[in-house]
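Note: the block below is start-v2.txt and it holds compact mmCIF, C-alpha atoms and all ligand atoms.
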```txt
# COMPACT_ATOMS: atom_id res chain seq x y z
CA MET A 226 0.76 4.70 2.23
CA ASN A 227 4.43 4.76 1.32
CA LYS A 228 4.23 2.94 -2.03
CA ILE A 229 7.11 0.59 -2.77
CA VAL A 230 5.63 -1.41 -5.67
CA SER A 231 2.76 -0.49 -7.93
CA LEU A 232 1.35 -2.34 -10.92
CA THR A 233 -1.28 -0.65 -13.03
CA ASN A 234 -3.21 -2.71 -15.59
CA VAL A 235 -0.22 -4.91 -16.30
CA THR A 236 -0.52 -7.57 -18.99
CA LYS A 237 2.15 -9.92 -20.32
CA SER A 238 1.48 -11.96 -23.43
CA PHE A 239 3.80 -14.48 -24.99
CA GLN A 240 3.12 -15.64 -28.58
CA HIS A 241 0.05 -17.75 -27.87
CA LYS A 242 -0.43 -17.17 -24.19
CA THR A 243 -1.50 -14.33 -21.92
CA ALA A 244 0.46 -15.18 -18.79
CA VAL A 245 -0.63 -12.10 -16.80
CA ASN A 246 -3.87 -10.35 -17.60
CA ASP A 247 -4.63 -6.77 -16.52
CA VAL A 248 -3.22 -6.98 -13.01
CA SER A 249 -3.17 -3.96 -10.68
CA PHE A 250 -2.01 -3.74 -7.08
CA THR A 251 0.07 -1.59 -4.76
CA ILE A 252 2.42 -2.77 -2.02
CA GLY A 253 3.41 -0.45 0.81
CA LYS A 254 6.55 -0.18 2.91
CA GLY A 255 6.97 -2.97 5.45
CA GLU A 256 4.35 -5.31 3.97
CA VAL A 257 5.05 -9.04 3.70
CA VAL A 258 3.07 -10.18 0.68
CA ALA A 259 2.55 -13.70 -0.66
CA ILE A 260 1.80 -14.19 -4.33
CA LEU A 261 -0.14 -17.42 -4.02
CA GLY A 262 -1.39 -19.60 -6.85
CA PRO A 263 -1.12 -22.92 -8.66
CA ASN A 264 1.29 -23.83 -11.46
CA GLY A 265 0.99 -21.51 -14.42
CA ALA A 266 -1.02 -18.86 -12.54
CA GLY A 267 1.44 -16.14 -13.57
CA LYS A 268 3.48 -15.76 -10.37
CA THR A 269 6.96 -16.02 -11.91
CA THR A 270 6.00 -13.81 -14.84
CA THR A 271 4.70 -11.13 -12.44
CA ILE A 272 7.83 -11.31 -10.29
CA SER A 273 10.07 -11.16 -13.37
CA MET A 274 8.28 -8.00 -14.50
CA ILE A 275 8.57 -6.41 -11.05
CA LEU A 276 12.29 -7.13 -11.18
CA GLY A 277 12.56 -5.59 -14.65
CA LEU A 278 13.67 -8.90 -16.20
CA LEU A 279 10.57 -9.00 -18.44
CA LYS A 280 8.85 -6.02 -20.00
CA PRO A 281 5.05 -5.84 -19.68
CA SER A 282 3.11 -6.02 -22.97
CA ALA A 283 0.82 -3.34 -21.52
CA GLY A 284 0.45 -1.38 -18.30
CA GLU A 285 2.95 0.18 -15.96
CA ILE A 286 5.18 -0.99 -13.11
CA LYS A 287 6.80 1.40 -10.67
CA LEU A 288 9.20 0.58 -7.84
CA PHE A 289 9.96 3.38 -5.39
CA ASN A 290 8.16 5.56 -7.95
CA HIS A 291 10.71 4.75 -10.68
CA GLN A 292 11.10 2.25 -13.52
CA PRO A 293 12.23 -1.20 -12.29
CA HIS A 294 15.50 -1.24 -14.24
CA GLU A 295 16.86 2.12 -13.02
CA LYS A 296 20.12 1.89 -11.06
CA GLN A 297 18.82 3.73 -7.98
CA VAL A 298 16.00 1.15 -7.83
CA ARG A 299 18.23 -1.89 -8.38
CA GLU A 300 20.41 -0.87 -5.43
CA LYS A 301 17.40 -1.15 -3.14
CA ILE A 302 16.30 -4.62 -4.25
CA GLY A 303 17.48 -8.10 -3.27
CA THR A 304 16.18 -11.22 -4.97
CA MET A 305 16.38 -14.98 -4.88
CA LEU A 306 14.95 -16.69 -7.94
CA GLN A 307 14.05 -20.33 -8.56
CA GLU A 308 17.19 -21.13 -10.52
CA VAL A 309 20.20 -20.89 -8.28
CA SER A 310 23.22 -20.03 -10.39
CA VAL A 311 26.55 -19.49 -8.69
CA MET A 312 29.86 -18.41 -10.14
CA PRO A 313 32.15 -21.39 -10.55
CA GLY A 314 35.83 -20.93 -9.73
CA LEU A 315 35.23 -18.44 -6.94
CA LYS A 316 34.99 -19.20 -3.24
CA VAL A 317 31.82 -18.26 -1.38
CA ARG A 318 33.56 -15.42 0.47
CA GLU A 319 34.88 -14.01 -2.83
CA ILE A 320 31.42 -14.11 -4.40
CA LEU A 321 29.86 -12.38 -1.41
CA GLU A 322 32.57 -9.71 -1.38
CA LEU A 323 32.24 -9.15 -5.12
CA ILE A 324 28.46 -8.75 -5.07
CA SER A 325 28.54 -6.64 -1.89
CA SER A 326 30.97 -4.26 -3.60
CA TYR A 327 28.26 -3.30 -6.12
CA TYR A 328 26.07 -1.82 -3.39
CA PRO A 329 26.47 1.50 -1.59
CA ASN A 330 25.49 0.17 1.83
CA PRO A 331 26.15 -3.60 2.01
CA LEU A 332 25.79 -5.89 5.02
CA GLY A 333 28.98 -7.41 6.42
CA ILE A 334 29.95 -11.02 5.69
CA GLN A 335 29.52 -11.94 9.36
CA GLN A 336 25.99 -10.55 9.37
CA LEU A 337 25.17 -12.54 6.24
CA ILE A 338 26.43 -15.70 7.92
CA GLU A 339 24.21 -15.10 10.93
CA LEU A 340 21.16 -14.35 8.82
CA THR A 341 21.40 -17.18 6.34
CA GLY A 342 23.00 -20.12 8.12
CA LEU A 343 26.11 -20.17 5.92
CA THR A 344 29.12 -21.29 7.97
CA ASN A 345 32.67 -20.00 8.13
CA GLN A 346 33.66 -23.30 6.52
CA ASP A 347 31.27 -22.62 3.62
CA LEU A 348 33.05 -19.30 2.98
CA LYS A 349 36.20 -21.21 1.97
CA THR A 350 34.37 -23.56 -0.40
CA ARG A 351 34.36 -23.08 -4.17
CA ALA A 352 30.90 -22.43 -5.55
CA GLU A 353 30.83 -25.53 -7.77
CA LYS A 354 31.47 -27.76 -4.75
CA LEU A 355 28.47 -26.52 -2.76
CA SER A 356 25.53 -28.83 -2.00
CA GLY A 357 22.03 -27.84 -3.08
CA GLY A 358 21.25 -26.54 0.42
CA GLN A 359 24.49 -24.55 0.61
CA LYS A 360 23.83 -23.04 -2.82
CA ARG A 361 20.41 -21.96 -1.63
CA ARG A 362 21.93 -20.32 1.46
CA LEU A 363 24.49 -18.55 -0.72
CA SER A 364 21.70 -17.36 -2.95
CA PHE A 365 19.83 -16.07 0.12
CA ALA A 366 22.99 -14.30 1.32
CA LEU A 367 23.39 -12.69 -2.12
CA ALA A 368 19.77 -11.48 -1.92
CA LEU A 369 20.53 -9.77 1.39
CA ALA A 370 24.08 -8.63 0.60
CA GLY A 371 23.12 -5.09 -0.48
CA ASN A 372 20.96 -4.51 2.63
CA PRO A 373 17.90 -4.14 0.36
CA GLU A 374 14.70 -2.30 1.20
CA LEU A 375 12.64 -4.58 -1.03
CA ILE A 376 13.27 -8.34 -1.07
CA ILE A 377 11.66 -10.59 -3.65
CA PHE A 378 11.70 -14.40 -3.52
CA ASP A 379 10.30 -16.73 -6.18
CA GLU A 380 9.22 -20.00 -4.50
CA PRO A 381 11.97 -19.61 -1.91
CA THR A 382 11.45 -22.76 0.14
CA VAL A 383 11.28 -25.32 -2.68
CA GLY A 384 13.86 -27.99 -1.88
CA MET A 385 14.64 -26.67 1.62
CA ASP A 386 14.56 -29.06 4.58
CA ILE A 387 12.56 -28.12 7.67
CA THR A 388 15.50 -26.61 9.56
CA SER A 389 16.53 -24.41 6.63
CA ARG A 390 12.93 -23.43 6.04
CA ASN A 391 12.42 -22.36 9.66
CA ARG A 392 15.64 -20.41 9.63
CA PHE A 393 14.69 -18.78 6.34
CA TRP A 394 11.32 -17.55 7.66
CA GLN A 395 12.87 -16.45 10.93
CA THR A 396 15.26 -14.20 9.00
CA VAL A 397 12.46 -12.94 6.76
CA HIS A 398 10.47 -11.91 9.82
CA GLN A 399 13.52 -10.22 11.27
CA MET A 400 13.85 -8.25 8.00
CA ALA A 401 10.15 -7.35 8.08
CA ALA A 402 10.51 -6.11 11.66
CA GLN A 403 13.18 -3.72 10.36
CA GLY A 404 10.66 -2.25 7.93
CA LYS A 405 11.82 -4.11 4.80
CA THR A 406 9.18 -4.91 2.22
CA ILE A 407 8.99 -8.57 1.28
CA ILE A 408 7.28 -10.30 -1.64
CA PHE A 409 7.40 -14.06 -2.14
CA SER A 410 5.58 -16.53 -4.34
CA THR A 411 4.31 -19.89 -3.20
CA HIS A 412 1.98 -22.74 -4.15
CA TYR A 413 1.10 -23.38 -0.54
CA LEU A 414 -1.76 -21.70 1.28
CA GLN A 415 -0.25 -22.81 4.59
CA GLU A 416 3.05 -21.09 3.84
CA ALA A 417 1.32 -17.89 2.76
CA ASP A 418 -0.85 -18.01 5.88
CA ASP A 419 2.13 -18.56 8.19
CA ALA A 420 4.47 -16.00 6.70
CA ALA A 421 2.53 -13.21 5.01
CA GLY A 422 0.42 -10.33 6.25
CA ARG A 423 -1.28 -10.13 2.89
CA ILE A 424 -2.04 -12.63 0.13
CA LEU A 425 -2.51 -11.86 -3.55
CA LEU A 426 -4.26 -14.93 -4.88
CA PHE A 427 -3.44 -15.54 -8.55
CA LYS A 428 -5.38 -17.72 -10.94
CA ASP A 429 -5.10 -17.86 -14.73
CA GLY A 430 -2.96 -14.72 -14.83
CA ALA A 431 -5.31 -12.59 -12.74
CA VAL A 432 -5.57 -11.57 -9.09
CA VAL A 433 -8.76 -13.27 -7.89
CA ALA A 434 -8.47 -12.21 -4.24
CA ASP A 435 -6.38 -9.73 -2.26
CA GLY A 436 -6.52 -9.59 1.52
CA THR A 437 -5.16 -10.76 4.85
CA PRO A 438 -4.75 -14.53 5.26
CA ALA A 439 -7.87 -14.53 7.46
CA GLN A 440 -9.90 -12.72 4.79
CA ILE A 441 -8.68 -15.04 2.03
CA LYS A 442 -9.39 -18.11 4.11
CA SER A 443 -12.89 -17.02 4.98
CA ARG A 444 -13.53 -16.28 1.32
CA ILE A 445 -12.41 -19.61 0.02
CA SER A 446 -13.78 -21.92 2.66
CA LYS A 447 -17.53 -22.24 2.87
CA GLN A 448 -19.13 -21.88 6.27
CA SER A 449 -22.42 -23.35 7.26
CA VAL A 450 -24.92 -23.24 10.09
CA SER A 451 -26.70 -26.52 10.72
CA PHE A 452 -29.56 -27.46 13.05
CA PHE A 453 -32.49 -29.80 13.64
CA VAL A 454 -35.93 -28.53 12.81
CA ASP A 455 -39.49 -29.89 12.71
CA PRO A 456 -39.78 -31.60 9.25
CA GLU A 457 -43.10 -29.81 8.71
CA MET A 458 -41.49 -26.39 9.12
CA SER A 459 -41.20 -24.48 5.84
CA LEU A 460 -37.80 -22.88 5.26
CA GLU A 461 -38.91 -20.90 2.27
CA LYS A 462 -38.71 -17.51 3.92
CA LEU A 463 -35.00 -18.08 4.52
CA TYR A 464 -34.42 -18.27 0.76
CA LEU A 465 -35.50 -14.66 0.48
CA HIS A 466 -32.34 -13.45 2.21
CA SER A 467 -29.44 -12.71 -0.13
CA GLU A 468 -26.81 -13.54 2.53
CA ILE A 469 -27.78 -17.21 2.26
CA ASP A 470 -25.99 -19.08 -0.52
CA ASP A 471 -27.63 -22.49 -0.21
CA ILE A 472 -29.93 -24.56 2.00
CA TYR A 473 -30.01 -28.38 2.04
CA ARG A 474 -31.00 -31.26 4.34
CA LYS A 475 -28.67 -34.13 5.26
CA ASN A 476 -29.31 -36.82 7.92
CA ASN A 477 -32.29 -34.90 9.27
CA ARG A 478 -30.21 -31.76 9.76
CA VAL A 479 -30.67 -28.55 7.81
CA TYR A 480 -27.49 -26.92 6.49
CA ILE A 481 -27.35 -23.26 5.50
CA GLN A 482 -24.26 -22.12 3.60
CA SER A 483 -23.19 -18.51 3.89
CA SER A 484 -20.04 -16.43 4.28
CA ASN A 485 -21.79 -14.58 7.12
CA THR A 486 -22.82 -17.12 9.73
CA ASP A 487 -23.56 -14.43 12.33
CA ARG A 488 -26.27 -13.07 10.05
CA VAL A 489 -27.66 -16.59 9.48
CA LEU A 490 -28.04 -17.05 13.24
CA GLU A 491 -29.92 -13.75 13.46
CA LEU A 492 -32.24 -14.84 10.64
CA ILE A 493 -32.93 -18.23 12.20
CA PHE A 494 -34.21 -16.55 15.35
CA GLN A 495 -35.90 -13.70 13.52
CA GLU A 496 -37.91 -16.09 11.33
CA LYS A 497 -38.83 -18.23 14.36
CA ILE A 498 -38.28 -21.58 12.66
CA GLY A 499 -37.66 -23.44 15.91
CA ALA A 500 -34.08 -24.53 15.21
CA ARG A 501 -32.51 -26.89 17.79
CA ASP A 502 -28.90 -27.99 18.38
CA ILE A 503 -27.40 -25.25 16.21
CA GLN A 504 -23.82 -25.78 15.00
CA ILE A 505 -21.47 -23.64 12.95
CA GLU A 506 -19.00 -25.40 10.69
CA ARG A 507 -16.18 -24.20 8.53
CA GLY A 508 -15.36 -26.18 5.40
CA LYS A 509 -11.92 -27.73 5.10
CA LEU A 510 -9.63 -24.94 4.00
CA GLU A 511 -7.10 -26.98 2.05
CA GLU A 512 -9.91 -28.74 0.17
CA ALA A 513 -11.49 -25.43 -0.76
CA PHE A 514 -8.13 -24.09 -1.90
CA GLU A 515 -7.44 -27.21 -4.00
CA GLN A 516 -10.83 -26.85 -5.59
CA LEU A 517 -10.29 -23.19 -6.29
CA THR A 518 -6.91 -23.63 -7.85
CA SER A 519 -7.56 -26.84 -9.75
CA GLY A 520 -9.93 -25.25 -12.22
CA ALA A 521 -13.31 -25.21 -10.48
CA LYS A 522 -14.50 -21.66 -10.94
CA GLU A 523 -17.27 -21.46 -8.43
CA ALA A 524 -15.43 -20.73 -5.19
CA ILE A 525 -14.65 -17.07 -5.87
N1 LIG A 601 8.57 -17.41 -22.06
C1 LIG A 601 7.33 -17.92 -22.15
N2 LIG A 601 6.80 -18.21 -23.37
C2 LIG A 601 5.55 -18.71 -23.46
N3 LIG A 601 4.73 -18.94 -22.41
C3 LIG A 601 5.21 -18.67 -21.18
C4 LIG A 601 6.53 -18.14 -20.99
N4 LIG A 601 6.73 -17.95 -19.65
C5 LIG A 601 5.59 -18.35 -19.05
N5 LIG A 601 4.68 -18.78 -19.96
C6 LIG A 601 3.33 -19.29 -19.68
O1 LIG A 601 2.63 -18.32 -18.91
C7 LIG A 601 1.86 -18.93 -17.89
C8 LIG A 601 2.26 -18.39 -16.54
O2 LIG A 601 3.57 -18.88 -16.22
P1 LIG A 601 4.33 -18.51 -14.87
O3 LIG A 601 5.66 -19.19 -14.92
O4 LIG A 601 4.31 -17.06 -14.64
O5 LIG A 601 3.39 -19.21 -13.79
P2 LIG A 601 3.70 -19.57 -12.26
O6 LIG A 601 2.49 -19.18 -11.52
O7 LIG A 601 4.98 -18.97 -11.84
O8 LIG A 601 3.83 -21.13 -12.30
P3 LIG A 601 4.85 -22.09 -11.50
O9 LIG A 601 4.30 -22.19 -10.14
O10 LIG A 601 4.71 -23.36 -12.26
O11 LIG A 601 6.21 -21.50 -11.56
C9 LIG A 601 2.07 -20.43 -18.05
O12 LIG A 601 1.00 -20.95 -18.81
C10 LIG A 601 3.37 -20.54 -18.82
O13 LIG A 601 3.37 -21.70 -19.60
```
Take the structure in this file and express it as structure tokens.
Ligand SMILES: Nc1ncnc2c1ncn2[C@@H]1O[C@H](COP(=O)(O)OP(=O)(O)OP(=O)(O)O)[C@@H](O)[C@H]1O
Amino acid sequence: MNKIVSLTNVTKSFQHKTAVNDVSFTIGKGEVVAILGPNGAGKTTTISMILGLLKPSAGEIKLFNHQPHEKQVREKIGTMLQEVSVMPGLKVREILELISSYYPNPLGIQQLIELTGLTNQDLKTRAEKLSGGQKRRLSFALALAGNPELIIFDEPTVGMDITSRNRFWQTVHQMAAQGKTIIFSTHYLQEADDAAGRILLFKDGAVVADGTPAQIKSRISKQSVSFFVDPEMSLEKLYLHSEIDDIYRKNNRVYIQSSNTDRVLELIFQEKIGARDIQIERGKLEEAFEQLTSGAKEAI
């Protein structure tokens, strides 16, 4: 794998708080990765360390096999952070030209307009007169100005309306198709599922799951096989199988919880318990995610 980002045993402690605790992962070229987690999970702290804005208390971060703050690395990175700060007094075109001039291989202004939804009219506007949405588009254009290989967004869609959001993700996918590596943080499972090829699920400063959206979803939502069975039938032999997490009866049906429902079906037939009207159900994903991220520890 062509490694673009690697974190090895990275910890960040503030005076009384360990915000990120012994985190390790590697991101390869062309990946679109969501850092997903609730408030305070350590997403912004991790992103700030990747960008070289915060120094880890322990562990090592490498970007393109170099330290994050080195100039040759900075030239390859574009970023849009939560706080949008623009330079007052300058017009949008002047800001874009200024920032583009710092990079060896910048995109043209016209390309930035097409990618971000800024308009020719916006280019003539002074930064302090921009609306919130226009500021966000400018900030997006600044992230892309240097034609970066690695693009990092911290909660990029907060405050965006649906049209801007759709346009934003469309551009991100266009960038990914060109082989750019993209990392973004989000609170929303749905957003991570829609936009990312890989999710790093953060909780309490640690990565609690790392996989494709499908893998993460199947891990956090419980699946069950349910069926009718003769009330006299003993289900004890099913308990002997480690793939089965729980068995309970509700409204005359038996429910078997497991992350491997295919195996449960095999066992039901193998043990000849006479199951009728078999159904497979998947728990509500958003509920499972809420439960996971609101402090209940049992889901993962
Ligand atoms: N400069 C700081 N000093 C002290 N504690 C901090 C500092 N920055 C972050 N923290 C704490 O570290 C933890 C992780 O914060 P962080 O901002 O990384 O989380 P987050 O996942 O980005 O949350 P959010 O979604 O709310 O932005 C939080 O408990 C936060 O209060």
Could you list, as a PDB file with C-alpha atoms, in the frame of the given file, all protein and nucleic acid residues with an atom at most 7 Å from ligand LIG 601 (chain A), counting all atoms listed in the file?
```pdb
ATOM      1  CA  PHE A 239       3.800 -14.480 -24.990  1.00  0.00           C
ATOM      2  CA  GLN A 240       3.120 -15.640 -28.580  1.00  0.00           C
ATOM      3  CA  LYS A 242      -0.430 -17.170 -24.190  1.00  0.00           C
ATOM      4  CA  THR A 243      -1.500 -14.330 -21.920  1.00  0.00           C
ATOM      5  CA  ALA A 244       0.460 -15.180 -18.790  1.00  0.00           C
ATOM      6  CA  VAL A 245      -0.630 -12.100 -16.800  1.00  0.00           C
ATOM      7  CA  GLY A 262      -1.390 -19.600  -6.850  1.00  0.00           C
ATOM      8  CA  PRO A 263      -1.120 -22.920  -8.660  1.00  0.00           C
ATOM      9  CA  ASN A 264       1.290 -23.830 -11.460  1.00  0.00           C
ATOM     10  CA  GLY A 265       0.990 -21.510 -14.420  1.00  0.00           C
ATOM     11  CA  ALA A 266      -1.020 -18.860 -12.540  1.00  0.00           C
ATOM     12  CA  GLY A 267       1.440 -16.140 -13.570  1.00  0.00           C
ATOM     13  CA  LYS A 268       3.480 -15.760 -10.370  1.00  0.00           C
ATOM     14  CA  THR A 269       6.960 -16.020 -11.910  1.00  0.00           C
ATOM     15  CA  THR A 270       6.000 -13.810 -14.840  1.00  0.00           C
ATOM     16  CA  THR A 271       4.700 -11.130 -12.440  1.00  0.00           C
ATOM     17  CA  HIS A 412       1.980 -22.740  -4.150  1.00  0.00           C
ATOM     18  CA  GLY A 430      -2.960 -14.720 -14.830  1.00  0.00           C
TER      19      GLY A 430
END
```
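Using all atoms listed in the file, the protein and nucleic acid residues lying at most 10 Å from the point (33.0, -23.3, 5.1) are Lys316, Val317, Arg318, Leu343, Thr344, Asn345, Gln346, Asp347, Leu348, Lys349, Thr350, Arg351, Leu355 and Gln359 of chain A.
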For the residues in the current selection, export C-alpha atoms as a PDB file, keeping the file's coordinate frame.
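The resulting file, result03.pdb, is shown below:
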```pdb
ATOM      1  CA  LYS A 316      34.990 -19.200  -3.240  1.00  0.00           C
ATOM      2  CA  VAL A 317      31.820 -18.260  -1.380  1.00  0.00           C
ATOM      3  CA  ARG A 318      33.560 -15.420   0.470  1.00  0.00           C
ATOM      4  CA  LEU A 343      26.110 -20.170   5.920  1.00  0.00           C
ATOM      5  CA  THR A 344      29.120 -21.290   7.970  1.00  0.00           C
ATOM      6  CA  ASN A 345      32.670 -20.000   8.130  1.00  0.00           C
ATOM      7  CA  GLN A 346      33.660 -23.300   6.520  1.00  0.00           C
ATOM      8  CA  ASP A 347      31.270 -22.620   3.620  1.00  0.00           C
ATOM      9  CA  LEU A 348      33.050 -19.300   2.980  1.00  0.00           C
ATOM     10  CA  LYS A 349      36.200 -21.210   1.970  1.00  0.00           C
ATOM     11  CA  THR A 350      34.370 -23.560  -0.400  1.00  0.00           C
ATOM     12  CA  ARG A 351      34.360 -23.080  -4.170  1.00  0.00           C
ATOM     13  CA  LEU A 355      28.470 -26.520  -2.760  1.00  0.00           C
ATOM     14  CA  GLN A 359      24.490 -24.550   0.610  1.00  0.00           C
TER      15      GLN A 359
END
```
### Message
Residues near stretch 373-379 of chain A, anyone? I mean within 8 Å using only C-alpha atoms, not counting same-chain ones fewer than 4 positions away, as a ChimeraX atom specification.
### Response
/A:229,269,272,300-307,368-369,404-411
### Message
I want to know what sits within 12 Å of A:Pro456, based on all atoms listed in the file, with residues of the same chain fewer than 5 positions away left out; could you give that as a list in words?
### Response
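In the requested format, the answer is Arg474, Asn476, Asn477, Arg478, Val479, Ile498, Gly499 and Ala500 of chain A.
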Which residues come within 10 Å of A:Ser310, counting only C-alpha atoms, excluding same-chain residues fewer than 5 positions away, as a PDB file with C-alpha atoms, in the frame of the given file?
```
ATOM      1  CA  ALA A 352      30.900 -22.430  -5.550  1.00  0.00           C
ATOM      2  CA  GLU A 353      30.830 -25.530  -7.770  1.00  0.00           C
ATOM      3  CA  LYS A 360      23.830 -23.040  -2.820  1.00  0.00           C
ATOM      4  CA  ARG A 361      20.410 -21.960  -1.630  1.00  0.00           C
ATOM      5  CA  LEU A 363      24.490 -18.550  -0.720  1.00  0.00           C
ATOM      6  CA  SER A 364      21.700 -17.360  -2.950  1.00  0.00           C
TER       7      SER A 364
END
```
Name all residues at most 8 Å from A:Pro331 (count all atoms listed in the file; drop same-chain ones fewer than 4 positions away) and give them as a PDB file with C-alpha atoms, in the frame of the given file.
```pdb
ATOM      1  CA  SER A 325      28.540  -6.640  -1.890  1.00  0.00           C
ATOM      2  CA  SER A 326      30.970  -4.260  -3.600  1.00  0.00           C
ATOM      3  CA  ALA A 370      24.080  -8.630   0.600  1.00  0.00           C
ATOM      4  CA  GLY A 371      23.120  -5.090  -0.480  1.00  0.00           C
ATOM      5  CA  ASN A 372      20.960  -4.510   2.630  1.00  0.00           C
TER       6      ASN A 372
END
```
### Task
State, in Å with one decimal place, the distance from atom CA of A:Leu340 to atom CA of A:Tyr327.
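Atom-to-atom, atom CA of A:Leu340 to atom CA of A:Tyr327, that is 19.9 Å.
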### Of the listed residues A:Val397, A:Leu414, A:Leu232, A:Ile481, that which approaches A:Glu511 most closely, counting only C-alpha atoms
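Smallest distance to A:Glu511 is found for A:Leu414.
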### Task
Counting all atoms listed in the file, figure out which residue out of A:Gly357, A:Ala401, A:Phe494, A:Leu279 gets nearest to A:Ser389.
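The shortest atom-to-atom distance to A:Ser389 comes from A:Gly357.
Taking atom CA of A:Ser443 and atom CA of A:Asn246 as endpoints, the distance between them is 25.2 Å.
The space separating atom CA of A:Thr233 from atom CA of A:Ile275 comes to 11.6 Å.
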### Task
Compare A:Gly358, A:Gly333, A:Pro281, A:Pro381 by their minimum atom-to-atom distance to A:Asp247, counting all atoms listed in the file, and give me the closest one.
A:Pro281
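The smallest atom-to-atom distance between A:Leu425 and any of A:Gly253, A:Ile441, A:Asp386, A:Tyr413, using only C-alpha atoms, is found for A:Ile441.
Using all atoms listed in the file, the nearest neighbour of A:Val433 within the list A:Ala402, A:Lys475, A:Ser459, A:Ile445 is A:Ile445.
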## Note on the structure
For A:Lys237, the closest of A:Glu339, A:Asp418, A:Val309, A:Ala431 counting all atoms listed in the file is A:Ala431
